[in-house]
file model-v5.cif (mmCIF, C-alpha atoms)
data_protein
#
loop_
_atom_site.label_atom_id
_atom_site.label_comp_id
_atom_site.auth_asym_id
_atom_site.auth_seq_id
_atom_site.Cartn_x
_atom_site.Cartn_y
_atom_site.Cartn_z
CA MET Z 81 101.32 121.75 132.35
CA SER Z 82 97.66 121.40 133.16
CA GLN Z 83 97.61 124.90 134.65
CA ARG Z 84 96.48 127.84 132.51
CA LEU Z 85 96.69 131.60 132.86
CA GLN Z 86 93.44 133.17 134.00
CA ARG Z 87 91.97 136.34 132.50
CA ASP Z 88 89.99 137.34 135.59
CA ASP Z 89 91.98 140.43 136.62
CA ALA Z 90 94.14 140.82 133.52
CA PRO Z 91 93.97 143.98 131.40
CA ALA Z 92 92.21 143.59 128.07
CA GLU Z 93 95.49 144.32 126.28
CA LEU Z 94 96.86 140.99 127.54
CA ASP Z 95 93.97 138.84 126.30
CA ALA Z 96 95.71 137.88 123.07
CA LEU Z 97 98.97 137.06 124.88
CA ILE Z 98 97.18 134.93 127.47
CA GLU Z 99 95.29 133.07 124.76
CA GLN Z 100 98.47 132.30 122.84
CA PHE Z 101 100.34 131.26 125.98
CA ASN Z 102 97.55 128.89 127.03
CA ALA Z 103 97.45 127.45 123.52
CA MET Z 104 101.20 126.78 123.71
CA LEU Z 105 100.76 125.01 127.06
CA ALA Z 106 97.94 122.92 125.59
CA ARG Z 107 100.16 121.85 122.65
CA LEU Z 108 103.02 120.94 124.99
CA GLU Z 109 100.72 118.97 127.29
CA ARG Z 110 99.22 117.12 124.32
CA GLY Z 111 102.68 116.38 122.95
CA PHE Z 112 103.91 114.87 126.22
CA GLU Z 113 100.75 112.78 126.56
CA GLN Z 114 101.20 111.47 123.02
CA LEU Z 115 104.86 110.67 123.71
CA LYS Z 116 103.90 108.70 126.83
CA GLN Z 117 101.19 106.86 124.91
CA VAL Z 118 103.54 106.00 122.04
CA SER Z 119 106.10 104.62 124.51
CA ALA Z 120 103.46 102.48 126.23
CA ASP Z 121 102.06 101.21 122.91
CA MET Z 122 105.53 100.48 121.55
CA ALA Z 123 106.40 98.49 124.66
CA HIS Z 124 103.16 96.50 124.34
CA ASP Z 125 103.62 95.73 120.64
CA LEU Z 126 107.26 94.71 121.08
CA ARG Z 127 106.55 92.66 124.20
CA THR Z 128 103.90 90.47 122.56
CA PRO Z 129 106.09 88.80 119.89
CA ILE Z 130 109.03 88.60 122.31
CA ASN Z 131 106.86 86.83 124.90
CA ASN Z 132 105.65 84.46 122.19
CA LEU Z 133 109.23 83.63 121.25
CA LEU Z 134 110.26 83.08 124.88
CA GLY Z 135 107.22 80.97 125.72
CA GLN Z 136 107.49 78.74 122.67
CA THR Z 137 111.24 78.28 123.20
CA GLU Z 138 110.78 77.40 126.88
CA VAL Z 139 108.20 74.74 126.01
CA GLY Z 140 110.40 73.38 123.22
CA LEU Z 141 113.39 73.05 125.54
CA GLY Z 142 111.32 71.34 128.23
CA GLN Z 143 111.95 67.88 126.78
CA VAL Z 144 113.42 66.11 123.79
CA ARG Z 145 110.98 66.20 120.87
CA GLU Z 146 110.64 64.91 117.31
CA PRO Z 147 112.39 66.80 114.48
CA HIS Z 148 109.08 67.88 112.91
CA TYR Z 149 108.18 69.68 116.17
CA TYR Z 150 111.36 71.77 116.01
CA GLN Z 151 110.67 72.48 112.36
CA HIS Z 152 107.24 73.82 113.26
CA LEU Z 153 108.75 75.82 116.15
CA LEU Z 154 111.31 77.46 113.89
CA GLY Z 155 108.58 78.36 111.42
CA SER Z 156 106.59 80.04 114.19
CA HIS Z 157 109.71 81.89 115.37
CA PHE Z 158 110.37 83.05 111.82
CA GLU Z 159 106.90 84.63 111.62
CA GLU Z 160 107.35 86.46 114.92
CA LEU Z 161 110.80 87.71 113.90
CA GLN Z 162 109.41 88.94 110.60
CA ARG Z 163 106.76 90.86 112.51
CA LEU Z 164 109.42 92.45 114.74
CA SER Z 165 111.53 93.29 111.70
CA ARG Z 166 108.61 95.00 109.93
CA MET Z 167 107.79 97.01 113.04
CA ILE Z 168 111.39 98.21 113.43
CA ASP Z 169 111.64 99.05 109.73
CA ASN Z 170 108.43 101.09 109.99
CA MET Z 171 109.64 102.98 113.05
CA LEU Z 172 112.96 103.77 111.35
CA PHE Z 173 111.10 105.00 108.27
CA LEU Z 174 109.03 107.37 110.42
CA VAL Z 175 112.18 108.75 112.08
CA ARG Z 176 113.86 109.32 108.71
CA ALA Z 177 110.72 110.93 107.30
CA GLU Z 178 110.55 113.42 110.16
CA HIS Z 179 114.22 114.38 109.84
CA ALA Z 180 114.70 114.13 106.09
CA ASP Z 181 117.55 116.41 104.93
CA HIS Z 182 117.40 115.61 101.23
CA PRO Z 183 114.67 115.97 98.58
CA ILE Z 184 112.63 112.95 97.57
CA ASP Z 185 112.87 111.62 94.02
CA ARG Z 186 109.65 112.89 92.39
CA THR Z 187 108.53 112.17 88.85
CA GLY Z 188 105.30 112.51 86.93
CA LEU Z 189 103.22 109.35 87.52
CA GLU Z 190 100.09 108.41 85.60
CA LEU Z 191 97.32 107.76 88.10
CA ALA Z 192 95.58 105.15 85.95
CA GLN Z 193 98.73 103.01 85.77
CA GLU Z 194 99.51 103.32 89.49
CA LEU Z 195 96.00 102.46 90.64
CA GLY Z 196 95.71 99.56 88.20
CA ARG Z 197 99.02 98.07 89.31
CA LEU Z 198 98.16 98.24 93.03
CA CYS Z 199 94.62 96.95 92.65
CA ASP Z 200 95.93 93.99 90.65
CA TYR Z 201 98.41 93.28 93.43
CA PHE Z 202 95.68 93.28 96.10
CA GLU Z 203 93.16 91.31 94.06
CA ASP Z 204 94.01 87.92 95.58
CA LEU Z 205 93.92 89.27 99.13
CA ALA Z 206 90.57 90.92 98.41
CA CYS Z 207 89.18 87.63 97.07
CA GLU Z 208 90.20 85.87 100.28
CA ARG Z 209 88.16 88.44 102.24
CA ASP Z 210 85.26 88.16 99.76
CA VAL Z 211 85.52 91.82 98.70
CA ARG Z 212 85.99 93.36 95.28
CA LEU Z 213 88.20 96.24 94.14
CA ALA Z 214 86.93 98.88 91.72
CA TRP Z 215 89.16 101.72 90.60
CA HIS Z 216 89.11 104.75 88.34
CA GLY Z 217 91.82 107.35 87.97
CA GLU Z 218 93.05 109.90 85.50
CA GLY Z 219 95.63 112.64 85.42
CA THR Z 220 99.17 112.88 86.72
CA VAL Z 221 100.63 113.16 90.18
CA TRP Z 222 104.14 114.46 90.84
CA ALA Z 223 105.44 112.07 93.49
CA ASP Z 224 108.11 109.62 94.52
CA ALA Z 225 106.91 106.35 92.97
CA ALA Z 226 108.02 104.07 95.82
CA LEU Z 227 106.55 106.32 98.51
CA LEU Z 228 103.26 106.80 96.66
CA ARG Z 229 102.87 103.03 96.24
CA ARG Z 230 103.68 102.46 99.89
CA ALA Z 231 101.07 104.98 101.05
CA LEU Z 232 98.39 103.52 98.76
CA ALA Z 233 99.32 99.95 99.73
CA ASN Z 234 98.86 100.82 103.42
CA LEU Z 235 95.42 102.31 102.71
CA LEU Z 236 94.34 99.35 100.57
CA ALA Z 237 95.55 96.81 103.13
CA ASN Z 238 93.60 98.70 105.77
CA ALA Z 239 90.47 98.83 103.59
CA VAL Z 240 90.61 95.11 102.74
CA ARG Z 241 91.08 94.20 106.40
CA PHE Z 242 88.03 96.10 107.63
CA ALA Z 243 85.67 95.96 104.63
CA GLU Z 244 82.37 94.14 104.88
CA GLN Z 245 82.33 90.77 103.16
CA GLY Z 246 80.70 91.00 99.75
CA SER Z 247 81.28 94.76 99.50
CA VAL Z 248 83.23 96.83 96.97
CA ILE Z 249 86.32 98.90 97.81
CA GLU Z 250 86.38 101.98 95.59
CA VAL Z 251 89.68 103.62 94.65
CA THR Z 252 89.38 106.90 92.75
CA ALA Z 253 91.79 109.63 91.72
CA GLY Z 254 91.69 112.88 89.81
CA GLU Z 255 92.62 116.53 89.78
CA GLN Z 256 90.54 118.97 91.79
CA GLY Z 257 91.48 122.62 91.90
CA ASP Z 258 95.14 122.97 92.81
CA GLU Z 259 95.35 119.43 94.22
CA VAL Z 260 95.42 115.84 93.02
CA LEU Z 261 93.14 113.69 95.20
CA ILE Z 262 93.36 109.93 95.66
CA GLN Z 263 90.60 108.30 97.69
CA VAL Z 264 90.13 104.78 99.10
CA ARG Z 265 86.58 104.05 100.29
CA ASN Z 266 85.25 100.88 101.88
CA ARG Z 267 81.99 99.70 103.43
CA GLY Z 268 82.20 98.53 107.02
CA GLN Z 269 81.85 99.65 110.60
CA ALA Z 270 82.14 103.43 110.72
CA ILE Z 271 84.90 105.13 112.70
CA ALA Z 272 83.52 107.28 115.50
CA PRO Z 273 84.11 111.05 115.06
CA GLU Z 274 86.32 111.26 118.16
CA HIS Z 275 88.76 108.79 116.57
CA LEU Z 276 89.04 110.33 113.10
CA GLU Z 277 91.74 112.89 113.95
CA SER Z 278 93.79 110.32 115.86
CA VAL Z 279 93.90 107.43 113.37
CA PHE Z 280 97.10 108.80 111.80
CA GLU Z 281 98.97 108.80 115.12
CA ARG Z 282 101.55 106.13 115.81
CA PHE Z 283 100.25 102.90 117.31
CA TYR Z 284 96.73 104.34 117.52
CA ARG Z 285 94.00 101.74 117.16
CA VAL Z 286 90.28 102.43 117.12
CA ASP Z 287 89.82 98.92 118.54
CA ALA Z 288 91.01 99.29 122.12
CA SER Z 289 91.02 95.52 122.59
CA ARG Z 290 93.85 95.26 120.01
CA GLN Z 291 92.28 92.18 118.47
CA HIS Z 292 93.96 93.02 115.15
CA SER Z 293 97.39 93.71 116.70
CA SER Z 294 98.82 90.48 115.30
CA GLN Z 295 97.94 91.64 111.77
CA SER Z 296 99.01 95.25 112.03
CA SER Z 297 101.75 97.19 113.80
CA GLY Z 298 99.60 100.29 114.21
CA LEU Z 299 102.08 102.32 112.15
CA GLY Z 300 100.58 102.05 108.66
CA LEU Z 301 98.53 105.27 108.74
CA SER Z 302 101.36 107.15 110.49
CA ILE Z 303 103.57 106.23 107.54
CA VAL Z 304 100.89 107.49 105.15
CA ARG Z 305 100.83 110.86 106.92
CA SER Z 306 104.64 111.11 106.90
CA ILE Z 307 104.74 110.34 103.17
CA MET Z 308 102.18 113.07 102.49
CA GLN Z 309 104.20 115.56 104.55
CA LEU Z 310 107.29 114.73 102.50
CA HIS Z 311 105.27 115.66 99.40
CA GLN Z 312 103.95 118.89 100.97
CA GLY Z 313 100.51 117.32 100.85
CA HIS Z 314 98.02 116.22 103.46
CA CYS Z 315 95.59 113.41 104.25
CA TRP Z 316 92.40 112.91 106.18
CA ALA Z 317 89.70 110.37 106.99
CA GLU Z 318 85.92 110.59 106.81
CA SER Z 319 83.49 107.99 108.13
CA SER Z 320 79.72 107.84 108.44
CA GLU Z 321 76.78 105.52 107.80
CA GLY Z 322 78.94 102.44 107.32
CA SER Z 323 81.34 104.04 104.83
CA THR Z 324 84.94 105.09 105.49
CA CYS Z 325 87.05 107.13 103.08
CA PHE Z 326 90.75 108.01 103.30
CA THR Z 327 91.94 110.86 101.07
CA LEU Z 328 95.45 111.78 99.94
CA ALA Z 329 95.87 115.32 98.60
CA PHE Z 330 99.00 116.07 96.56
CA PRO Z 331 99.91 119.56 95.29
CA ARG Z 332 99.00 119.86 91.62
CA VAL Z 333 101.98 120.91 89.50
CA SER Z 334 102.99 120.77 85.86
CA HIS Z 335 105.73 118.51 84.53
CA ASP Z 336 107.85 121.47 83.50
CA ARG Z 337 107.53 123.11 86.92
CA PRO Z 338 108.15 120.46 89.61
CA PRO Z 339 107.59 121.33 93.28
CA SER Z 340 110.47 122.62 95.30
CA PRO Z 341 112.03 120.15 97.79
#
call {"tool": "encode", "arguments": {"input": "model-v5.cif", "output": "C-alpha cells"}}
result
Amino acid sequence: MSQRLQRDDAPAELDALIEQFNAMLARLERGFEQLKQVSADMAHDLRTPINNLLGQTEVGLGQVREPHYYQHLLGSHFEELQRLSRMIDNMLFLVRAEHADHPIDRTGLELAQELGRLCDYFEDLACERDVRLAWHGEGTVWADAALLRRALANLLANAVRFAEQGSVIEVTAGEQGDEVLIQVRNRGQAIAPEHLESVFERFYRVDASRQHSSQSSGLGLSIVRSIMQLHQGHCWAESSEGSTCFTLAFPRVSHDRPPSP
C-alpha cells in the first residue's frame, strides 16, 4: 500500500484519476496503520492490570498470611477489575456509537444548567488538584442529555488532570452562527501541533511514556468524538502558549424543528 501511481508518462487527462487513486491508497494505508496501533495499545492497556492481578495473586498464594493482608489484596484486585470493566464498557460504547441503527434521544437542554451541574460535580476533584472551575453559558443545545454530560465530563476530567496547579479551568458555551459551541480551556503544558489531530484517536496518548495510563484508558476523547458524530456535530482541539482548548460544536436548531436522526 505504500506504492503510488506516478504521473511521469501519464496523459494530462488522467491526472485527476491518479490523484484520487493515490489519495484512496493513502487513506487505506493510514487506516491499516491505525488499526495495528489500536490493537497494540489495547493489548498493552489490558495486559497491565491483568499482570498486576496475576503478580499480586502469586505473591499472596506464596505463603499463609494474616487476614488483613488478604483484605488489602482483595481491595487492590477490586480496583484493577474496575479499571478493566471501565475500559471494556468504553470500547463497547465506541462500537455501538459507530454502528448505531437508532436515533438518539435529543431534547432541548439549557446550557447554564448543564454547565453548572457538571462544574459542581467536579469541584471537589478540582480542589484536590488545586485548580478552580469558572463557567459561563447561555442558550439551548438540542442533544441527548446523558451523552452530552458524558462528553463534557470526559473533557473536564482531562482538563483537571493536566491543568497547572493554582490555575483556572474555563468552561464557556453559547450560540455562534449556525452552531452551539461549548469550550473547555485549561492552563498547562501545550500539546504539540503534530499531536492535535490525533488526540481523538483511540488509545492515543501525547505522553509516550504512558505515565498517566493508570488514571486513564486512553478512550475518553475518542468517546467525545463519537458522541459528537452521533449529534451530527464535530470537535477539535487547539493548544498554544500554555493554553489548551477543546471545543464541541453542535448544530443549532429550534425547539420546534429538531434535527433529523
call {"tool": "resolve_selection", "arguments": {"input": "model-v5.cif", "expression": "the PyMOL selection byres ((chain Z and resi 81) around 8)", "output": "ChimeraX atom specification"}}
result
/Z:82-84,105-106,108-109
call {"tool": "closest_residue", "arguments": {"input": "model-v5.cif", "among": "Z:Leu276, Z:Ala239, Z:Leu133, Z:Val221", "to": "Leu328 (chain Z)", "atoms": "all atoms listed in the file"}}
result
Z:Val221
call {"tool": "resolve_selection", "arguments": {"input": "model-v5.cif", "expression": "the PyMOL selection byres ((chain Z and resi 236) around 9)", "output": "list in words"}}
result
Leu198, Cys199, Phe202, Ala231, Leu232, Ala233, Asn234, Leu235, Ala237, Asn238, Ala239, Val240, Arg241, Ile249, Val251 and Val264 of chain Z
call {"tool": "atom_distance", "arguments": {"input": "model-v5.cif", "atom1": "CA of Leu141 (chain Z)", "atom2": "CA of Ala123 (chain Z)"}}
result
26.4 Å
call {"tool": "atom_distance", "arguments": {"input": "model-v5.cif", "atom1": "CA of Glu255 (chain Z)", "atom2": "CA of Gly219 (chain Z)"}}
result
6.6 Å
call {"tool": "resolve_selection", "arguments": {"input": "model-v5.cif", "expression": "the PyMOL selection byres ((chain Z and resi 136) around 12)", "output": "PDB file with C-alpha atoms, keeping the file's coordinate frame"}}
result
ATOM      1  CA  PRO Z 129     106.090  88.800 119.890  1.00  0.00           C
ATOM      2  CA  ILE Z 130     109.030  88.600 122.310  1.00  0.00           C
ATOM      3  CA  ASN Z 131     106.860  86.830 124.900  1.00  0.00           C
ATOM      4  CA  ASN Z 132     105.650  84.460 122.190  1.00  0.00           C
ATOM      5  CA  LEU Z 133     109.230  83.630 121.250  1.00  0.00           C
ATOM      6  CA  LEU Z 134     110.260  83.080 124.880  1.00  0.00           C
ATOM      7  CA  GLY Z 135     107.220  80.970 125.720  1.00  0.00           C
ATOM      8  CA  THR Z 137     111.240  78.280 123.200  1.00  0.00           C
ATOM      9  CA  GLU Z 138     110.780  77.400 126.880  1.00  0.00           C
ATOM     10  CA  VAL Z 139     108.200  74.740 126.010  1.00  0.00           C
ATOM     11  CA  GLY Z 140     110.400  73.380 123.220  1.00  0.00           C
ATOM     12  CA  LEU Z 141     113.390  73.050 125.540  1.00  0.00           C
ATOM     13  CA  GLY Z 142     111.320  71.340 128.230  1.00  0.00           C
ATOM     14  CA  TYR Z 149     108.180  69.680 116.170  1.00  0.00           C
ATOM     15  CA  TYR Z 150     111.360  71.770 116.010  1.00  0.00           C
ATOM     16  CA  HIS Z 152     107.240  73.820 113.260  1.00  0.00           C
ATOM     17  CA  LEU Z 153     108.750  75.820 116.150  1.00  0.00           C
ATOM     18  CA  LEU Z 154     111.310  77.460 113.890  1.00  0.00           C
ATOM     19  CA  GLY Z 155     108.580  78.360 111.420  1.00  0.00           C
ATOM     20  CA  SER Z 156     106.590  80.040 114.190  1.00  0.00           C
ATOM     21  CA  HIS Z 157     109.710  81.890 115.370  1.00  0.00           C
ATOM     22  CA  GLU Z 160     107.350  86.460 114.920  1.00  0.00           C
TER      23      GLU Z 160
END
call {"tool": "atom_distance", "arguments": {"input": "model-v5.cif", "atom1": "CA of Val175 (chain Z)", "atom2": "CA of Thr128 (chain Z)"}}
result
22.6 Å
call {"tool": "residues_around", "arguments": {"input": "model-v5.cif", "residues": "region 316-319 of chain Z", "least_positions_apart": "2", "cutoff": "8 Å", "atoms": "only C-alpha atoms", "output": "ChimeraX atom specification"}}
result
/Z:270-273,276-277,314,321-328
call {"tool": "closest_residue", "arguments": {"input": "model-v5.cif", "among": "Z:Thr187, Z:Gln263, Z:Gln256, Z:Ser247", "to": "Trp215 (chain Z)", "atoms": "only C-alpha atoms"}}
result
Z:Gln263
